[in-house]
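**Q** Below is protein39.txt; it holds compact mmCIF, C-alpha atoms.
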```
# COMPACT_ATOMS: atom_id res chain seq x y z
CA PRO A 1 -34.60 -24.19 -6.81
CA TYR A 2 -38.17 -24.43 -7.99
CA PRO A 3 -40.17 -22.28 -8.32
CA PRO A 4 -37.48 -19.72 -9.10
CA ASP A 5 -39.15 -16.77 -7.35
CA GLY A 6 -42.27 -15.78 -5.46
CA HIS A 7 -43.90 -13.73 -2.72
CA VAL A 8 -45.48 -14.67 0.60
CA SER A 9 -48.25 -12.38 1.86
CA ALA A 10 -49.19 -11.35 5.33
CA LEU A 11 -51.36 -13.71 7.34
CA VAL A 12 -55.11 -13.96 6.85
CA PHE A 13 -56.08 -11.84 9.85
CA GLN A 14 -59.24 -13.73 10.89
CA HIS A 15 -57.72 -17.18 10.31
CA PRO A 16 -54.17 -17.29 11.77
CA GLY A 17 -51.86 -19.71 10.03
CA TRP A 18 -53.21 -19.11 6.50
CA VAL A 19 -51.02 -17.17 4.05
CA VAL A 20 -51.22 -16.39 0.34
CA VAL A 21 -48.23 -17.22 -1.86
CA SER A 22 -47.63 -16.18 -5.46
CA THR A 23 -44.98 -17.96 -7.53
CA ILE A 24 -43.18 -16.53 -10.52
CA SER A 25 -41.65 -18.50 -13.38
CA GLU A 26 -38.82 -17.64 -15.72
CA ASN A 27 -40.91 -18.73 -18.71
CA ARG A 28 -42.12 -15.23 -19.65
CA GLY A 29 -45.77 -16.12 -19.42
CA ALA A 30 -45.63 -19.81 -20.26
CA THR A 31 -47.26 -22.09 -17.72
CA GLN A 32 -45.13 -25.16 -18.30
CA GLY A 33 -44.11 -26.16 -14.77
CA LEU A 34 -46.14 -27.40 -11.84
CA LEU A 35 -45.99 -24.16 -9.84
CA ASP A 36 -45.43 -21.61 -12.62
CA GLN A 37 -47.41 -18.39 -12.05
CA GLU A 38 -49.68 -19.78 -9.36
CA VAL A 39 -51.57 -18.10 -6.53
CA LEU A 40 -51.70 -20.46 -3.55
CA LEU A 41 -53.45 -20.43 -0.18
CA ALA A 42 -51.35 -22.27 2.40
CA ASN A 43 -51.92 -23.23 6.03
CA THR A 44 -48.68 -22.98 7.99
CA ASN A 45 -50.18 -24.93 10.90
CA ASN A 46 -50.98 -28.18 9.09
CA GLY A 47 -49.18 -27.91 5.73
CA LYS A 48 -52.34 -27.82 3.56
CA VAL A 49 -51.79 -25.96 0.26
CA CYS A 50 -54.58 -25.03 -2.18
CA ARG A 51 -54.11 -23.71 -5.70
CA ILE A 52 -56.61 -20.86 -6.08
CA GLY A 53 -55.60 -19.24 -9.37
CA ARG A 54 -53.01 -18.35 -11.96
CA HIS A 55 -51.73 -14.82 -12.51
CA ARG A 56 -49.95 -14.98 -15.91
CA THR A 57 -47.56 -12.13 -15.16
CA TRP A 58 -44.18 -11.79 -16.83
CA GLY A 59 -42.91 -10.05 -13.70
CA LYS A 60 -39.40 -8.61 -13.90
CA ALA A 61 -39.04 -9.93 -17.47
CA GLY A 62 -42.03 -7.87 -18.65
CA PRO A 63 -42.41 -4.17 -19.45
CA GLN A 64 -43.77 -3.35 -15.97
CA GLY A 65 -40.86 -5.02 -14.15
CA TYR A 66 -41.32 -5.43 -10.41
CA TRP A 67 -44.70 -3.64 -10.50
CA GLY A 68 -46.11 -6.26 -12.87
CA GLU A 69 -45.39 -9.09 -10.41
CA ALA A 70 -48.24 -10.77 -8.59
CA HIS A 71 -48.03 -9.60 -4.97
CA ALA A 72 -51.12 -11.41 -3.69
CA VAL A 73 -52.87 -10.00 -0.61
CA PRO A 74 -55.72 -11.74 1.26
CA SER A 75 -58.82 -10.09 2.68
CA PRO A 76 -59.11 -10.25 6.51
CA SER A 77 -61.44 -13.27 6.21
CA GLY A 78 -59.32 -14.97 3.54
CA THR A 79 -62.25 -15.35 1.16
CA ARG A 80 -60.85 -12.93 -1.42
CA VAL A 81 -57.33 -12.43 -2.73
CA ALA A 82 -56.19 -9.38 -4.72
CA PHE A 83 -53.08 -9.40 -6.90
CA GLY A 84 -51.48 -7.35 -9.64
CA SER A 85 -50.48 -8.68 -13.03
CA ASP A 86 -49.27 -7.40 -16.39
CA TRP A 87 -51.14 -10.42 -17.85
CA GLY A 88 -48.64 -11.75 -20.34
CA GLY A 89 -46.37 -8.72 -20.60
CA GLY A 90 -49.08 -6.13 -21.22
CA SER A 91 -48.54 -2.38 -21.21
CA THR A 92 -50.26 -1.96 -17.81
CA ALA A 93 -50.28 -3.71 -14.46
CA ASP A 94 -53.89 -4.26 -13.39
CA THR A 95 -55.52 -5.55 -10.19
CA TYR A 96 -57.42 -8.84 -10.16
CA VAL A 97 -59.50 -10.44 -7.40
CA ILE A 98 -60.03 -14.14 -6.72
CA GLU A 99 -63.27 -14.86 -4.82
CA LEU A 100 -63.22 -18.18 -3.01
CA PRO A 101 -66.35 -20.30 -2.43
CA GLY A 102 -66.59 -19.14 1.21
CA TYR A 103 -67.15 -15.50 0.11
CA LYS A 104 -70.64 -14.20 0.97
```
Step by step, read the file and then write its structure as structure tokens.
**A**
Amino acid sequence: PYPPDGHVSALVFQHPGWVVVSTISENRGATQGLLDQEVLLANTNNGKVCRIGRHRTWGKAGPQGYWGEAHAVPSPSGTRVAFGSDWGGGSTADTYVIELPGYK
């Protein structure tokens, strides 16, 4: 199956139907496949999927293991998405935020 692993967030509270999805690749940081290491915003009502970023985590293959995976979480309005990443197998797992154009 492709992508080999990933996480689906909770719903965007103020916009029912929208969820954030993070995919994980087995490429230890390489972004070779179509959905490798992506952060996606998806509408479960109409099937629309938007690529909103890339997280570059090594996930379970990296030194931080599970804690280095990108567990993306949307803000209530869906205009910001926070996720963790070890950014290429780094020695820490840090938090990153994607701000979408609708953020004010």
**Q** From the options A:Gly102, A:Gln14, A:Thr44, A:Val21, which residue's atoms come nearest to A:Ala82, counting only C-alpha atoms?
**A**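 Once distances to A:Ala82 are computed over only C-alpha atoms, the minimum belongs to A:Val21.
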**Q** For a quick check of understanding, using only C-alpha atoms, which of A:Gly17, A:Gly84, A:Pro101, A:Gly90 has the smallest distance to A:Arg54?
**A**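 That would be A:Gly84, the residue with the smallest distance to A:Arg54.
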**Q** State, in Å with one decimal place, the distance from atom CA of A:Ala93 to atom CA of A:Leu11.
**A**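 Here the two named atoms are 24.0 Å from each other.
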**Q** Just to confirm, what's the straight-line distance from atom CA of A:Phe13 to atom CA of A:Gly78 in Å (one decimal)?
**A**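 Straight-line distance from atom CA of A:Phe13 to atom CA of A:Gly78 works out to 7.8 Å.
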**Q** Within 12 Å of A:Gly89, counting all atoms listed in the file, which residues show up once you throw out same-chain ones fewer than 5 positions away? Write them as a list of chain:residue names, please.
**A**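 Returned residues: A:Asn27, A:Arg28, A:Gly29, A:Ala30, A:His55, A:Arg56, A:Thr57, A:Trp58, A:Gly59, A:Lys60, A:Ala61, A:Gly62, A:Pro63, A:Gln64, A:Gly65, A:Tyr66, A:Trp67, A:Gly68, A:Glu69, A:Asp94.
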**Q** Can you write just those residues out, C-alpha atoms, as a CSV table (one decimal), keeping the file's coordinate frame?
**A**
```
chain,number,residue,atom,x,y,z
A,27,ASN,CA,-40.9,-18.7,-18.7
A,28,ARG,CA,-42.1,-15.2,-19.6
A,29,GLY,CA,-45.8,-16.1,-19.4
A,30,ALA,CA,-45.6,-19.8,-20.3
A,55,HIS,CA,-51.7,-14.8,-12.5
A,56,ARG,CA,-50.0,-15.0,-15.9
A,57,THR,CA,-47.6,-12.1,-15.2
A,58,TRP,CA,-44.2,-11.8,-16.8
A,59,GLY,CA,-42.9,-10.0,-13.7
A,60,LYS,CA,-39.4,-8.6,-13.9
A,61,ALA,CA,-39.0,-9.9,-17.5
A,62,GLY,CA,-42.0,-7.9,-18.6
A,63,PRO,CA,-42.4,-4.2,-19.4
A,64,GLN,CA,-43.8,-3.4,-16.0
A,65,GLY,CA,-40.9,-5.0,-14.2
A,66,TYR,CA,-41.3,-5.4,-10.4
A,67,TRP,CA,-44.7,-3.6,-10.5
A,68,GLY,CA,-46.1,-6.3,-12.9
A,69,GLU,CA,-45.4,-9.1,-10.4
A,94,ASP,CA,-53.9,-4.3,-13.4
```
**Q** Quick one: residues within 8 Å of A:Val39, all atoms listed in the file counted, chain neighbours fewer than 5 positions away excluded, as a list in words?
**A** Val20, Val21, Ser22, Thr23, Arg51, Ile52, Gly53, Arg54, His55 and Ala72 of chain A
**Q** Point out the residue among A:Val73, A:Arg80, A:Ser9, A:Val19 with the least atom-to-atom distance to A:Leu41, counting all atoms listed in the file.
**A** A:Val19
**Q** If you measure from atom CA of A:Ala70 to atom CA of A:Ile98, what distance in Å do you get, rounded to one decimal?
**A**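 Taking atom CA of A:Ala70 as the start and atom CA of A:Ile98 as the end point, the length is 12.4 Å.
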**Q** May I ask which of the residues A:Asp86, A:Ser91, A:Leu100, A:Val49 is the closest one to A:His71, counting all atoms listed in the file?
**A**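 Checking each of A:Asp86, A:Ser91, A:Leu100, A:Val49 against A:His71, counting all atoms listed in the file, the winner is A:Asp86.
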